[in-house]
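Below: the structure, in structure tokens.
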Amino acid sequence: AAKKIEELRDELHQYNYEYHVLDDPSVPDHIYDKKLHELMDLEEQFPELLTSDSPSQRVGGQPLDKFEKVDHEVPMLSLGNAFGEDDLRDFDRRIRERVSHYRYVCELKIDGLAVSLRYEDGKFIRGATRGDGKTGEDITNNLKTINSIPLKIQEEETIEVRGEAYMPKRSFLALNEAREAEGQEVFANPRNAAAGSLRQLDPKIAAKRNLDIFIYSVGQWEAGSIESHSKRLEYLKKLGFKTNPETRTFESIEDVIRYTEEWTLKRSELDYEIDGIVIKVDSIDQQEELGFTAKSPRWAIAYKFPA
Ligand SMILES: COc1nc2nc(N)nc(N)c2nc1C
């Protein structure tokens with residue numbers, strides 16, 4: 001039975017990754033459901049074989065009466081803002097004064113909730129909100145209900161990754177319609193709806209909110225050898241995380257400005273809300289050379305779309 005359970009778990013992790021991260025399922029839903037029920041029956045027969053990273057444990061856990069506090073080993077910083085192309089050229093001038101031969105990587109800035117995910121020996125063990133940057137809240141059980149968060153990653157590593165949890169626009173509209181029909185208060189925007197969903201004490205409610213996530217960074221200490229942010233994002237995807245497909249690298253700030261203009265117009269086509277573009281110096285060595293101000297990295301800036 002143990003071998004059969006192990007096989008089913010590996011199969012279901014793979015199916016989940018293909019469906020929710022790659023958006024490219026290799027089996028129809030009914031096969032996934034059949035195997036999941038087969039696994040759950042076996043785990044019921046052999047409860048001593050149950051593990052926290054089993055695919056059957058996504059919507060686990062009893063409702064909490066409060067959230068525990070979590071101290072972030074590496075503080076979750078905030079980004080400086082740029083509101084126009086002149087701000088972006090100023091940012092570029094400050095970089096040019098300190099480093100040479102640099103490249104930028106641009107990522108869509110998802111309008112959601114920053115969260116930190118901790119994995120030990122490759123297993124998802126804890127997820128927390130950003131909070132004040134130093135201390136957040138443990139929302140592990142709610143984050144487990146997000147299908148694109150792998151419960152087990154491809155390497156048995158102990159790592160911490162960060163990303164933005166969000167509610168797709170379609171889910172937001174459906175949720176507000178349902179709340180309206182029940183005479184409940186509607187959410188003002190998808191960001192509030194995502195925050196409200198992740199702050200539910202009962203994971204069964206969060207599980208119904210169709211939340212999703214894009215992962216955008218991995219802690220320095222385990223990806224140390226990977227020398228650029230863009231290559232770290234590729235590494236995160238190989239590990240099993242969902243990263244944003246619109247990320248691009250550019251040689252010049254003029255190209256970056258064109259990219260921000262392109263997305264100012266195109267963002268209405270996305271199925272999720274973005275409030276800007278995050279621009280980073282791509283080389284990790286140059287990031288370290290540039291360092292941080294009191295609260296933000298010097299090597300990154302958030303271009304905000306006009307409200
Ligand atoms: C390096 O620090 C950061 N990087 C980020 N990257 C993306 N894509 N989105 C963010 N919201 C973000 N926020 C911070 C503080």
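Just so we're on the same page: first chain in the structure tokens is A, next is B, and so on; residues restart at 1 for each chain, and ligands are numbered from 1 in the order they show up.
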Q: List all protein, DNA and RNA residues that have any atom at most 7 Å from ligand 1, counting only C-alpha atoms and all ligand atoms, and write the list as a PyMOL selection string.
A: chain A and resi 76-79+107-110+114+163-164+216-217+278+297+300
(Q) If DSSP is run on the backbone, what residues of stretch 62-184 of chain A are alpha helix (DSSP H)? A reply as number ranges by chain would be ideal. (A) A: 85-96, 140-144, 169-181
Would you mind listing, for every residue of stretch 93-127 of chain A within 12 Å of stretch 226-238 of chain A, the two atoms forming the shortest contact and the distance between them in Å to one decimal, using only C-alpha atoms, sorted by chain and ascending residue number, as a Markdown table?
```
| residue | atom | partner | partner_atom | distance |
| --- | --- | --- | --- | --- |
| A:Tyr102 | CA | A:Ser228 | CA | 10.8 |
| A:Arg103 | CA | A:Ser228 | CA | 9.7 |
| A:Tyr104 | CA | A:Ser230 | CA | 9.2 |
| A:Val105 | CA | A:Ser230 | CA | 6.6 |
| A:Cys106 | CA | A:Ser230 | CA | 9.1 |
| A:Glu107 | CA | A:Ser230 | CA | 9.8 |
```
Any chance you can output those residues with N, CA, C and O atoms as a JSON list (two decimals), in the first residue's frame?
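Once everything was written out, this is part.json:
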```json
[["chain", "number", "residue", "atom", "x", "y", "z"],
["A", 102, "TYR", "N", 25.07, 47.04, -17.56],
["A", 102, "TYR", "CA", 24.00, 46.37, -16.81],
["A", 102, "TYR", "C", 22.79, 46.18, -17.72],
["A", 102, "TYR", "O", 22.66, 46.84, -18.77],
["A", 103, "ARG", "N", 21.95, 45.26, -17.31],
["A", 103, "ARG", "CA", 20.72, 44.94, -18.04],
["A", 103, "ARG", "C", 19.54, 45.01, -17.06],
["A", 103, "ARG", "O", 19.75, 44.81, -15.85],
["A", 104, "TYR", "N", 18.34, 45.30, -17.58],
["A", 104, "TYR", "CA", 17.16, 45.33, -16.70],
["A", 104, "TYR", "C", 16.29, 44.11, -16.95],
["A", 104, "TYR", "O", 16.22, 43.60, -18.07],
["A", 105, "VAL", "N", 15.60, 43.67, -15.88],
["A", 105, "VAL", "CA", 14.53, 42.66, -16.06],
["A", 105, "VAL", "C", 13.25, 43.33, -15.57],
["A", 105, "VAL", "O", 13.26, 44.02, -14.54],
["A", 106, "CYS", "N", 12.19, 43.20, -16.37],
["A", 106, "CYS", "CA", 10.90, 43.85, -16.05],
["A", 106, "CYS", "C", 9.84, 42.78, -15.79],
["A", 106, "CYS", "O", 9.71, 41.84, -16.57],
["A", 107, "GLU", "N", 9.11, 42.97, -14.70],
["A", 107, "GLU", "CA", 8.03, 42.04, -14.37],
["A", 107, "GLU", "C", 6.74, 42.84, -14.16],
["A", 107, "GLU", "O", 6.78, 43.96, -13.63]]
```
Q: Compare A:Val21, A:Ile213, A:Ala174, A:Val99 by their minimum atom-to-atom distance to A:Ser283, counting only C-alpha atoms, and give me the closest one.
A: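 Ranked by minimum distance to A:Ser283, first place goes to A:Val99.
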Q | strand (DSSP E) positions in stretch 128-230 of chain A, given as a list in words | A |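 After running DSSP on the backbone, stretch 128-230 of chain A has strand (DSSP E) at Ala128, Thr129, Thr135, Gly136, Glu137, Ile159, Glu160, Val161, Arg162, Gly163, Glu164, Ala165, Tyr166, Asp212, Ile213, Phe214, Ile215, Tyr216, Ser217 and Val218 of chain A.
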Within 7 Å of A:Gly240, counting only C-alpha atoms, which residues show up once you throw out same-chain ones fewer than 6 positions away? Write them as an mmCIF file with N, CA, C and O atoms, in the first residue's frame, please.
```
data_model
loop_
_atom_site.group_PDB
_atom_site.id
_atom_site.type_symbol
_atom_site.label_atom_id
_atom_site.label_comp_id
_atom_site.auth_asym_id
_atom_site.auth_seq_id
_atom_site.Cartn_x
_atom_site.Cartn_y
_atom_site.Cartn_z
ATOM 1 N N TYR A 17 0.823 20.108 -11.240
ATOM 2 C CA TYR A 17 1.808 21.044 -11.805
ATOM 3 C C TYR A 17 1.470 21.336 -13.272
ATOM 4 O O TYR A 17 1.391 22.495 -13.697
ATOM 5 N N PRO A 150 2.984 24.559 -5.210
ATOM 6 C CA PRO A 150 3.337 23.135 -5.069
ATOM 7 C C PRO A 150 3.467 22.758 -3.595
ATOM 8 O O PRO A 150 4.061 23.501 -2.813
ATOM 9 N N ILE A 153 8.325 20.404 -3.938
ATOM 10 C CA ILE A 153 9.033 20.921 -5.122
ATOM 11 C C ILE A 153 10.040 19.878 -5.611
ATOM 12 O O ILE A 153 10.293 18.893 -4.939
ATOM 13 N N GLN A 154 10.613 20.153 -6.776
ATOM 14 C CA GLN A 154 11.431 19.145 -7.475
ATOM 15 C C GLN A 154 12.756 18.852 -6.781
ATOM 16 O O GLN A 154 13.427 17.910 -7.114
#
```
Neighbours of A:Lys152 within 9 Å (only C-alpha atoms; same-chain residues fewer than 2 positions away dropped), as a CSV table (one decimal) with N, CA and C atoms, in the first residue's frame?
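That gives us part-v2.csv:
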```csv
chain,number,residue,atom,x,y,z
A,13,HIS,N,0.9,15.0,-7.9
A,13,HIS,CA,1.7,16.3,-7.9
A,13,HIS,C,2.0,16.7,-9.3
A,53,ASP,N,2.3,16.8,3.0
A,53,ASP,CA,2.5,17.3,1.6
A,53,ASP,C,1.7,16.4,0.6
A,54,SER,N,0.8,15.5,1.2
A,54,SER,CA,0.0,14.7,0.2
A,54,SER,C,-1.0,15.6,-0.5
A,119,TYR,N,9.9,26.3,2.4
A,119,TYR,CA,9.9,24.9,2.1
A,119,TYR,C,11.1,24.3,2.9
A,121,ASP,N,13.2,20.6,3.2
A,121,ASP,CA,13.4,19.3,2.5
A,121,ASP,C,12.4,19.2,1.3
A,122,GLY,N,12.1,20.3,0.7
A,122,GLY,CA,11.3,20.3,-0.5
A,122,GLY,C,9.8,20.3,-0.2
A,123,LYS,N,9.4,20.3,1.1
A,123,LYS,CA,8.0,20.3,1.4
A,123,LYS,C,7.5,21.7,1.8
A,124,PHE,N,6.3,22.1,1.4
A,124,PHE,CA,5.7,23.4,1.8
A,124,PHE,C,5.4,23.3,3.3
A,149,ILE,N,0.4,26.6,-6.0
A,149,ILE,CA,1.5,26.5,-5.0
A,149,ILE,C,1.8,25.0,-4.8
A,150,PRO,N,3.0,24.6,-5.2
A,150,PRO,CA,3.3,23.1,-5.1
A,150,PRO,C,3.5,22.8,-3.6
A,154,GLN,N,10.6,20.2,-6.8
A,154,GLN,CA,11.4,19.1,-7.5
A,154,GLN,C,12.8,18.9,-6.8
A,155,GLU,N,13.2,19.7,-5.9
A,155,GLU,CA,14.5,19.5,-5.2
A,155,GLU,C,14.1,19.4,-3.7
A,156,GLU,N,14.8,18.5,-2.9
A,156,GLU,CA,14.5,18.4,-1.5
A,156,GLU,C,15.3,19.5,-0.8
A,240,GLY,N,9.0,24.1,-9.9
A,240,GLY,CA,7.5,23.8,-9.8
A,240,GLY,C,6.7,25.0,-9.5
```
Q) atom CA of A:Thr158 and atom CA of A:Glu246 are how many Å apart? A)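 About the pair atom CA of A:Thr158 and atom CA of A:Glu246: they are 27.8 Å apart.
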**Q.** Selection near A:Lys69, 7 Å with only C-alpha atoms, sequence-local residues under 3 positions removed, as a ChimeraX atom specification
**A.** /A:135-138
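Using only C-alpha atoms, the smallest distance between any of A:Lys204, A:Arg248, A:Arg267, A:Glu273 and A:Pro63 comes from A:Lys204.
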Q: Quick one: pull the distance between atom CA of A:Arg162 and atom CA of A:Lys144, Å, one decimal.
A: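 So the two atoms, atom CA of A:Arg162 and atom CA of A:Lys144, lie 14.6 Å apart.
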Q | Exercise: stretch 29-40 of chain A partners within 7 Å, only C-alpha atoms, chain neighbours under 2 positions left out, as a PyMOL selection string | A | chain A and resi 5+8+12+27+42-44+56
**Q.** Close residues, stretch 181-192 of chain A itself excluded, 6 Å, only C-alpha atoms, min 6 positions apart in chain, as an MDAnalysis selection string
**A.** chainID A and resid 111:112 167 172
Q. From the set A:Lys304, A:Asp212, A:Glu7, A:Phe292, which residue has the shortest atom-to-atom contact distance to A:Trp263, counting only C-alpha atoms?
A.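 Among A:Lys304, A:Asp212, A:Glu7, A:Phe292, it is A:Lys304 that comes nearest to A:Trp263.
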